[in-house]
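Undergrad: Sharing a structure below in structure tokens format, with a few things to ask.
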Amino acid sequence: QVQLVESGGGLVQAGASLRLSCTASGRTSSAYTMGWFRQAPGQEREFVAVIFQSGGDTYYADSVKGRFTVSRDDVGNTIYLQMNNLRPEDTAVYYCAATGRSQKWIVASRSEPFYNYWGQGTQVTVSS
């Protein structure tokens, strides 16, 4: 069983930056493909970014491409989501997810069923 704990959320103004962290219990984060999702009030949870176990390749939703960066600390067991130039529409609860799948299924990684483990979420609020 893997436990994921997110942190780093908060209230910021538009244009500001935040860095979210997700710490996985047990094995190092490089043992998993890990993703970030978000859910705004009244909306479905949506894909934000993924970092693959194999090679550390990263992919992003179009809405955050160029502003958000996902990275991994291989020494420890943490991944990060660096969020720059935040917009009010980025306001959501951000969730970290993980899977032990070794396949690099790029399309599938954008959907929730790809992942086995989920964190509890951290709130990000961006004011205009």
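Residues are referred to by chain and number: the chain letter is A, B, ... according to the order shown in the structure tokens, the number counts from 1 in that chain, and ligands are numbered separately from 1 in the order shown.
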Given only C-alpha atoms, how would the per-residue table for stretch 1-61 of chain A near stretch 98-115 of chain A read, listing every residue at most 10 Å away with its closest atom pair and distance in Å to one decimal, sorted by chain and number, as a tab-separated table?
TA:
residue	atom	partner	partner_atom	distance
A:Val2	CA	A:Ala98	CA	8.4
A:Gln3	CA	A:Ala98	CA	9.3
A:Leu4	CA	A:Ala98	CA	8.1
A:Ala24	CA	A:Ala98	CA	8.6
A:Ser29	CA	A:Ala98	CA	8.8
A:Ser30	CA	A:Gly100	CA	9.8
A:Ala31	CA	A:Gly100	CA	6.8
A:Tyr32	CA	A:Gly100	CA	4.8
A:Thr33	CA	A:Thr99	CA	5.4
A:Met34	CA	A:Ala98	CA	4.3
A:Gly35	CA	A:Ala98	CA	6.3
A:Trp36	CA	A:Ala98	CA	8.9
A:Phe37	CA	A:Glu112	CA	8.5
A:Arg45	CA	A:Glu112	CA	8.4
A:Glu46	CA	A:Ser111	CA	7.9
A:Phe47	CA	A:Arg110	CA	5.4
A:Val48	CA	A:Arg110	CA	7.9
A:Ala49	CA	A:Arg110	CA	7.8
A:Val50	CA	A:Ser109	CA	7.1
A:Ile51	CA	A:Ser109	CA	9.4
A:Phe52	CA	A:Lys104	CA	6.8
A:Gln53	CA	A:Ser102	CA	6.7
A:Ser54	CA	A:Ser102	CA	6.9
A:Gly55	CA	A:Lys104	CA	9.5
A:Asp57	CA	A:Lys104	CA	9.1
A:Thr58	CA	A:Ile106	CA	9.4
A:Tyr59	CA	A:Ile106	CA	7.9
A:Tyr60	CA	A:Arg110	CA	8.9
A:Ala61	CA	A:Arg110	CA	8.4
Undergrad: Could you turn the residues from that selection into a file that holds N, CA and C atoms, as an mmCIF file, in the first residue's frame?
TA:
data_model
loop_
_atom_site.group_PDB
_atom_site.id
_atom_site.type_symbol
_atom_site.label_atom_id
_atom_site.label_comp_id
_atom_site.auth_asym_id
_atom_site.auth_seq_id
_atom_site.Cartn_x
_atom_site.Cartn_y
_atom_site.Cartn_z
ATOM 1 N N VAL A 2 0.503 2.195 -0.800
ATOM 2 C CA VAL A 2 1.259 3.433 -0.900
ATOM 3 C C VAL A 2 0.393 4.568 -0.371
ATOM 4 N N GLN A 3 0.973 5.401 0.434
ATOM 5 C CA GLN A 3 0.278 6.591 0.908
ATOM 6 C C GLN A 3 0.920 7.819 0.294
ATOM 7 N N LEU A 4 0.075 8.716 -0.181
ATOM 8 C CA LEU A 4 0.542 9.946 -0.804
ATOM 9 C C LEU A 4 0.047 11.131 0.017
ATOM 10 N N ALA A 24 5.527 10.194 -1.246
ATOM 11 C CA ALA A 24 5.039 8.818 -1.265
ATOM 12 C C ALA A 24 5.707 8.023 -0.162
ATOM 13 N N SER A 29 9.911 7.750 -5.117
ATOM 14 C CA SER A 29 8.940 8.173 -6.119
ATOM 15 C C SER A 29 9.308 7.689 -7.513
ATOM 16 N N SER A 30 10.585 7.395 -7.746
ATOM 17 C CA SER A 30 10.993 6.939 -9.071
ATOM 18 C C SER A 30 10.466 5.539 -9.370
ATOM 19 N N ALA A 31 9.927 4.842 -8.362
ATOM 20 C CA ALA A 31 9.354 3.512 -8.585
ATOM 21 C C ALA A 31 7.959 3.599 -9.182
ATOM 22 N N TYR A 32 7.407 4.790 -9.249
ATOM 23 C CA TYR A 32 6.040 4.965 -9.712
ATOM 24 C C TYR A 32 5.963 5.986 -10.838
ATOM 25 N N THR A 33 4.956 5.818 -11.659
ATOM 26 C CA THR A 33 4.510 6.908 -12.504
ATOM 27 C C THR A 33 3.534 7.724 -11.675
ATOM 28 N N MET A 34 3.748 9.025 -11.641
ATOM 29 C CA MET A 34 2.952 9.863 -10.756
ATOM 30 C C MET A 34 2.345 11.022 -11.520
ATOM 31 N N GLY A 35 1.119 11.308 -11.160
ATOM 32 C CA GLY A 35 0.397 12.369 -11.846
ATOM 33 C C GLY A 35 -0.181 13.388 -10.895
ATOM 34 N N TRP A 36 -0.499 14.534 -11.446
ATOM 35 C CA TRP A 36 -1.225 15.571 -10.736
ATOM 36 C C TRP A 36 -2.562 15.795 -11.447
ATOM 37 N N PHE A 37 -3.601 15.876 -10.649
ATOM 38 C CA PHE A 37 -4.933 16.188 -11.132
ATOM 39 C C PHE A 37 -5.465 17.348 -10.290
ATOM 40 N N ARG A 45 -12.842 16.125 -11.856
ATOM 41 C CA ARG A 45 -11.390 16.143 -11.690
ATOM 42 C C ARG A 45 -10.738 16.029 -13.061
ATOM 43 N N GLU A 46 -9.696 16.807 -13.263
ATOM 44 C CA GLU A 46 -9.046 16.826 -14.568
ATOM 45 C C GLU A 46 -7.540 16.635 -14.439
ATOM 46 N N PHE A 47 -6.976 16.093 -15.479
ATOM 47 C CA PHE A 47 -5.542 15.848 -15.557
ATOM 48 C C PHE A 47 -4.778 17.162 -15.630
ATOM 49 N N VAL A 48 -3.630 17.200 -14.941
ATOM 50 C CA VAL A 48 -2.760 18.363 -14.993
ATOM 51 C C VAL A 48 -1.396 18.002 -15.586
ATOM 52 N N ALA A 49 -0.754 16.974 -15.016
ATOM 53 C CA ALA A 49 0.596 16.619 -15.453
ATOM 54 C C ALA A 49 0.919 15.208 -15.004
ATOM 55 N N VAL A 50 1.902 14.604 -15.666
ATOM 56 C CA VAL A 50 2.367 13.266 -15.297
ATOM 57 C C VAL A 50 3.878 13.213 -15.483
ATOM 58 N N ILE A 51 4.533 12.453 -14.614
ATOM 59 C CA ILE A 51 5.952 12.142 -14.767
ATOM 60 C C ILE A 51 6.078 10.633 -14.724
ATOM 61 N N PHE A 52 6.640 10.074 -15.789
ATOM 62 C CA PHE A 52 6.683 8.626 -15.925
ATOM 63 C C PHE A 52 7.840 8.024 -15.146
ATOM 64 N N GLN A 53 7.581 6.814 -14.668
ATOM 65 C CA GLN A 53 8.585 6.036 -13.955
ATOM 66 C C GLN A 53 9.796 5.802 -14.844
ATOM 67 N N SER A 54 9.532 5.433 -16.082
ATOM 68 C CA SER A 54 10.612 5.080 -17.001
ATOM 69 C C SER A 54 11.103 6.317 -17.736
ATOM 70 N N GLY A 55 12.291 6.751 -17.425
ATOM 71 C CA GLY A 55 12.879 7.874 -18.129
ATOM 72 C C GLY A 55 12.528 9.240 -17.580
ATOM 73 N N ASP A 57 9.951 11.021 -18.276
ATOM 74 C CA ASP A 57 9.288 11.902 -19.230
ATOM 75 C C ASP A 57 8.075 12.554 -18.593
ATOM 76 N N THR A 58 7.801 13.776 -19.023
ATOM 77 C CA THR A 58 6.682 14.536 -18.467
ATOM 78 C C THR A 58 5.738 14.994 -19.568
ATOM 79 N N TYR A 59 4.467 15.075 -19.213
ATOM 80 C CA TYR A 59 3.442 15.550 -20.134
ATOM 81 C C TYR A 59 2.461 16.417 -19.342
ATOM 82 N N TYR A 60 1.834 17.370 -20.060
ATOM 83 C CA TYR A 60 0.997 18.354 -19.391
ATOM 84 C C TYR A 60 -0.321 18.562 -20.126
ATOM 85 N N ALA A 61 -1.313 18.999 -19.372
ATOM 86 C CA ALA A 61 -2.541 19.474 -19.983
ATOM 87 C C ALA A 61 -2.234 20.769 -20.718
#
Undergrad: Just the strand (DSSP E) stuff from chain A, please, per backbone DSSP, written as a ChimeraX atom specification.
TA: /A:4-7,10-13,18-24,33-39,46-51,58-60,68-73,78-83,92-99,117-118,122-127
Undergrad: Contacts of A:Thr125 at 10 Å or less, counting only C-alpha atoms, minus same-chain residues fewer than 2 places along, as a list in words?
TA: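 Neighbouring residues, sequence-local ones excluded: Gly9, Gly10, Leu11, Val12, Gln13, Ala14, Ala40, Leu86, Arg87, Pro88, Glu89, Asp90, Thr91, Ala92, Val93, Thr122, Gln123, Ser127 and Ser128 of chain A.
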Undergrad: Could you check the closest approach to A:Cys96 for each of A:Val126, A:Val75, A:Leu20, A:Met83 and tell me which residue wins, using only C-alpha atoms?
TA: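 Result for the nearest residue to A:Cys96: A:Leu20.
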Undergrad: Which one is closest to A:Gln1: A:Tyr117, A:Phe68, A:Tyr80, A:Tyr95? Count only C-alpha atoms.
TA: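 Residue with the minimum atom-to-atom distance to A:Gln1: A:Tyr117.
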